[in-house]
Amino acid sequence: QVQLVESGGGLVQAGGSLRLSCAASGRTFTFSRYAMGWFRQAPGKEREFVAAISWSATNTYYADSAKGRFTTSRDNAKNTVYLQMNSLKPDDTAVYYCAADTRVYRSVLVRQQSEYYYWGQGTQVTVSS
């Protein structure tokens, strides 16, 4: 059984920063083989793509809303992926989810939710104005 557990969410003022973590576990899941994605869902809105990072961490991909403010990274030795969020805005308020790619060693990162198989339970990020 694969588990993805997000942490690091909370309440922050506009302009502040948060660092989200997503720890992966599971006997049959080799974290280092899979690209990882970050998504978010704001109240009343559909879940949307935020960022992705390749299995080797050599490639990253960001939604326009995240470019220049968010950075994703990973530590394969710790089975953990991170999302550093700076210059936060009230529009960034959402539940943030991490997800694992359906394929191993994917070379081109994708934003479609259907291409991600395992999902975490989410962590709430609230940005006050």
# chains A, B, ... in the order shown; residues from 1 in each chain; ligands from 1
>>> select_by_dssp(residues="stretch 49-78 of chain A", states="strand (DSSP E)", output="VMD selection string")
chain A and resid 49 to 53 60 to 62 70 to 75
>>> residues_around(residues="stretch 20-28 of chain A", least_positions_apart="4", cutoff="10 Å", atoms="only C-alpha atoms", output="PyMOL selection string")
chain A and resi 1-10+36+38+72-76+78-85+96-100+118-120+122-123+125
>>> write_last_selection(atoms="N, CA and C atoms", output="compact mmCIF listing (two decimals), in the first residue's frame")
# COMPACT_ATOMS: atom_id res chain seq x y z
N GLN A 1 0.85 -1.18 0.00
CA GLN A 1 0.00 0.00 0.00
C GLN A 1 0.89 1.24 0.00
N VAL A 2 0.54 2.20 -0.85
CA VAL A 2 1.33 3.42 -0.97
C VAL A 2 0.65 4.54 -0.21
N GLN A 3 1.44 5.26 0.55
CA GLN A 3 0.91 6.42 1.28
C GLN A 3 1.71 7.65 0.93
N LEU A 4 1.00 8.74 0.68
CA LEU A 4 1.60 10.05 0.50
C LEU A 4 1.02 10.95 1.58
N VAL A 5 1.88 11.54 2.38
CA VAL A 5 1.41 12.35 3.50
C VAL A 5 2.01 13.74 3.39
N GLU A 6 1.13 14.72 3.18
CA GLU A 6 1.57 16.10 3.10
C GLU A 6 1.62 16.74 4.48
N SER A 7 2.49 17.70 4.62
CA SER A 7 2.58 18.47 5.87
C SER A 7 3.15 19.85 5.55
N GLY A 8 3.05 20.73 6.52
CA GLY A 8 3.64 22.06 6.35
C GLY A 8 2.65 23.17 6.04
N GLY A 9 1.39 22.81 5.87
CA GLY A 9 0.40 23.85 5.61
C GLY A 9 0.13 24.67 6.86
N GLY A 10 -0.64 25.73 6.67
CA GLY A 10 -0.97 26.58 7.81
C GLY A 10 -1.50 27.91 7.36
N MET A 36 6.75 13.47 -9.48
CA MET A 36 5.77 13.86 -8.47
C MET A 36 5.14 15.18 -8.84
N TRP A 38 2.32 18.46 -7.69
CA TRP A 38 1.59 19.20 -6.67
C TRP A 38 0.35 19.81 -7.33
N THR A 72 9.64 23.50 -6.53
CA THR A 72 9.52 22.13 -6.07
C THR A 72 10.89 21.45 -6.12
N SER A 73 11.12 20.59 -5.16
CA SER A 73 12.38 19.84 -5.09
C SER A 73 12.07 18.49 -4.47
N ARG A 74 13.07 17.62 -4.46
CA ARG A 74 12.86 16.30 -3.87
C ARG A 74 14.16 15.78 -3.31
N ASP A 75 14.00 14.88 -2.35
CA ASP A 75 15.12 14.17 -1.75
C ASP A 75 14.78 12.69 -1.85
N ASN A 76 15.34 12.04 -2.83
CA ASN A 76 15.00 10.62 -3.04
C ASN A 76 15.49 9.74 -1.90
N LYS A 78 15.19 10.45 1.12
CA LYS A 78 14.19 10.58 2.19
C LYS A 78 12.77 10.31 1.68
N ASN A 79 12.64 9.93 0.43
CA ASN A 79 11.31 9.67 -0.16
C ASN A 79 10.37 10.85 0.05
N THR A 80 10.89 12.04 -0.16
CA THR A 80 10.13 13.24 0.14
C THR A 80 10.25 14.26 -1.00
N VAL A 81 9.12 14.88 -1.29
CA VAL A 81 9.09 15.97 -2.26
C VAL A 81 8.62 17.23 -1.53
N TYR A 82 9.12 18.37 -1.98
CA TYR A 82 8.85 19.63 -1.30
C TYR A 82 8.25 20.65 -2.26
N LEU A 83 7.51 21.58 -1.68
CA LEU A 83 7.03 22.73 -2.43
C LEU A 83 7.29 23.97 -1.58
N GLN A 84 8.27 24.75 -2.00
CA GLN A 84 8.58 26.01 -1.33
C GLN A 84 7.73 27.10 -1.97
N MET A 85 6.94 27.76 -1.16
CA MET A 85 6.03 28.78 -1.67
C MET A 85 6.39 30.12 -1.06
N TYR A 96 -3.65 21.74 -0.60
CA TYR A 96 -2.57 21.33 -1.49
C TYR A 96 -2.35 19.83 -1.38
N TYR A 97 -2.25 19.20 -2.54
CA TYR A 97 -2.07 17.75 -2.63
C TYR A 97 -0.80 17.42 -3.39
N CYS A 98 -0.14 16.36 -2.95
CA CYS A 98 0.93 15.80 -3.78
C CYS A 98 0.41 14.51 -4.41
N ALA A 99 1.03 14.14 -5.51
CA ALA A 99 0.59 12.96 -6.24
C ALA A 99 1.78 12.35 -6.96
N ALA A 100 1.70 11.04 -7.15
CA ALA A 100 2.76 10.30 -7.83
C ALA A 100 2.31 9.91 -9.24
N TYR A 118 -1.26 7.89 -7.36
CA TYR A 118 -1.38 7.94 -5.91
C TYR A 118 -1.48 9.40 -5.46
N TRP A 119 -2.36 9.63 -4.48
CA TRP A 119 -2.61 10.98 -3.99
C TRP A 119 -2.53 11.03 -2.47
N GLY A 120 -2.06 12.15 -1.96
CA GLY A 120 -2.09 12.37 -0.53
C GLY A 120 -3.45 12.90 -0.10
N GLY A 122 -3.89 15.78 1.47
CA GLY A 122 -3.92 17.23 1.35
C GLY A 122 -3.56 17.95 2.63
N THR A 123 -3.08 19.16 2.47
CA THR A 123 -2.77 20.02 3.60
C THR A 123 -3.30 21.43 3.29
N VAL A 125 -3.62 25.33 3.14
CA VAL A 125 -2.84 26.56 3.15
C VAL A 125 -3.82 27.73 3.09
>>> atom_distance(atom1="atom CA of A:Val127", atom2="atom CA of A:Lys67")
17.8 Å
>>> residues_around(residues="A:Phe39", least_positions_apart="2", cutoff="9 Å", atoms="only C-alpha atoms", output="number ranges by chain")
A: 37, 41, 47-52, 95-99, 111, 113
>>> closest_residue(among="A:Leu109, A:Ser32, A:Thr126, A:Val12", to="A:Ala77", atoms="only C-alpha atoms")
A:Ser32
>>> atom_distance(atom1="atom CA of A:Ala94", atom2="atom CA of A:Arg40")
5.8 Å
>>> residues_around(residues="A:Ser114", least_positions_apart="4", cutoff="10 Å", atoms="only C-alpha atoms", output="list of chain:residue names")
A:Asp101, A:Thr102, A:Val110
>>> write_last_selection(atoms="C-alpha atoms", output="mmCIF file, in the first residue's frame")
data_model
loop_
_atom_site.group_PDB
_atom_site.id
_atom_site.type_symbol
_atom_site.label_atom_id
_atom_site.label_comp_id
_atom_site.auth_asym_id
_atom_site.auth_seq_id
_atom_site.Cartn_x
_atom_site.Cartn_y
_atom_site.Cartn_z
ATOM 1 C CA ASP A 101 2.972 9.729 -11.562
ATOM 2 C CA THR A 102 1.373 6.650 -13.083
ATOM 3 C CA VAL A 110 2.558 16.383 -17.318
#
>>> atom_distance(atom1="atom CA of A:Gly16", atom2="atom CA of A:Asn59")
26.0 Å
>>> closest_residue(among="A:Ser128, A:Ile53, A:Arg103, A:Glu46", to="A:Tyr116", atoms="only C-alpha atoms")
A:Arg103
>>> closest_residue(among="A:Gln112, A:Gln121, A:Thr58, A:Thr71", to="A:Asn86", atoms="only C-alpha atoms")
A:Thr71
>>> select_by_dssp(residues="chain A", states="helix (DSSP H, G or I)", output="short mmCIF file (atom, residue, chain, number, x, y, z; two decimals) with all heavy atoms, in the first residue's frame")
data_model
loop_
_atom_site.label_atom_id
_atom_site.label_comp_id
_atom_site.auth_asym_id
_atom_site.auth_seq_id
_atom_site.Cartn_x
_atom_site.Cartn_y
_atom_site.Cartn_z
N PHE A 31 10.04 5.32 -4.72
CA PHE A 31 9.80 6.75 -4.90
C PHE A 31 10.69 7.35 -5.98
O PHE A 31 10.23 8.16 -6.79
CB PHE A 31 10.06 7.44 -3.55
CG PHE A 31 9.93 8.93 -3.57
CD1 PHE A 31 8.69 9.54 -3.56
CD2 PHE A 31 11.07 9.74 -3.59
CE1 PHE A 31 8.57 10.92 -3.56
CE2 PHE A 31 10.97 11.11 -3.59
CZ PHE A 31 9.71 11.71 -3.58
N SER A 32 11.93 6.95 -6.02
CA SER A 32 12.90 7.58 -6.92
C SER A 32 12.62 7.30 -8.39
O SER A 32 13.26 7.89 -9.26
CB SER A 32 14.31 7.12 -6.56
OG SER A 32 14.41 5.72 -6.68
N ARG A 33 11.68 6.44 -8.69
CA ARG A 33 11.37 6.12 -10.08
C ARG A 33 10.26 6.99 -10.66
O ARG A 33 10.00 6.95 -11.87
CB ARG A 33 10.94 4.66 -10.21
CG ARG A 33 12.02 3.66 -9.85
CD ARG A 33 11.49 2.24 -9.94
NE ARG A 33 12.52 1.26 -9.59
CZ ARG A 33 12.32 -0.05 -9.55
NH1 ARG A 33 11.11 -0.54 -9.82
NH2 ARG A 33 13.28 -0.86 -9.22
N PRO A 90 -3.47 35.82 -1.22
CA PRO A 90 -4.74 35.22 -0.78
C PRO A 90 -5.30 34.22 -1.80
O PRO A 90 -5.93 33.23 -1.40
CB PRO A 90 -5.65 36.44 -0.62
CG PRO A 90 -4.72 37.54 -0.25
CD PRO A 90 -3.48 37.28 -1.04
N ASP A 91 -5.05 34.44 -3.08
CA ASP A 91 -5.52 33.50 -4.11
C ASP A 91 -4.84 32.14 -4.03
O ASP A 91 -5.30 31.19 -4.67
CB ASP A 91 -5.29 34.08 -5.51
CG ASP A 91 -6.30 35.16 -5.86
OD1 ASP A 91 -7.29 35.31 -5.12
OD2 ASP A 91 -6.10 35.85 -6.87
N ASP A 92 -3.77 32.04 -3.28
CA ASP A 92 -3.10 30.75 -3.10
C ASP A 92 -3.77 29.89 -2.03
O ASP A 92 -3.38 28.74 -1.83
CB ASP A 92 -1.63 30.96 -2.71
CG ASP A 92 -0.83 31.63 -3.82
OD1 ASP A 92 -1.03 31.27 -5.00
OD2 ASP A 92 -0.02 32.52 -3.50
N GLN A 113 -4.34 15.50 -14.24
CA GLN A 113 -4.53 14.74 -13.01
C GLN A 113 -4.67 13.24 -13.27
O GLN A 113 -4.30 12.43 -12.43
CB GLN A 113 -5.77 15.27 -12.28
CG GLN A 113 -5.60 16.70 -11.81
CD GLN A 113 -6.81 17.20 -11.05
OE1 GLN A 113 -7.33 16.54 -10.16
NE2 GLN A 113 -7.24 18.40 -11.40
N SER A 114 -5.19 12.90 -14.43
CA SER A 114 -5.37 11.49 -14.77
C SER A 114 -4.03 10.76 -14.92
O SER A 114 -4.00 9.53 -14.93
CB SER A 114 -6.17 11.36 -16.06
OG SER A 114 -5.50 12.02 -17.14
N GLU A 115 -2.94 11.49 -15.06
CA GLU A 115 -1.61 10.88 -15.20
C GLU A 115 -0.94 10.68 -13.85
O GLU A 115 0.22 10.25 -13.80
CB GLU A 115 -0.73 11.76 -16.09
CG GLU A 115 -1.22 11.87 -17.52
CD GLU A 115 -1.21 10.55 -18.25
OE1 GLU A 115 -0.31 9.72 -17.98
OE2 GLU A 115 -2.11 10.33 -19.08
#
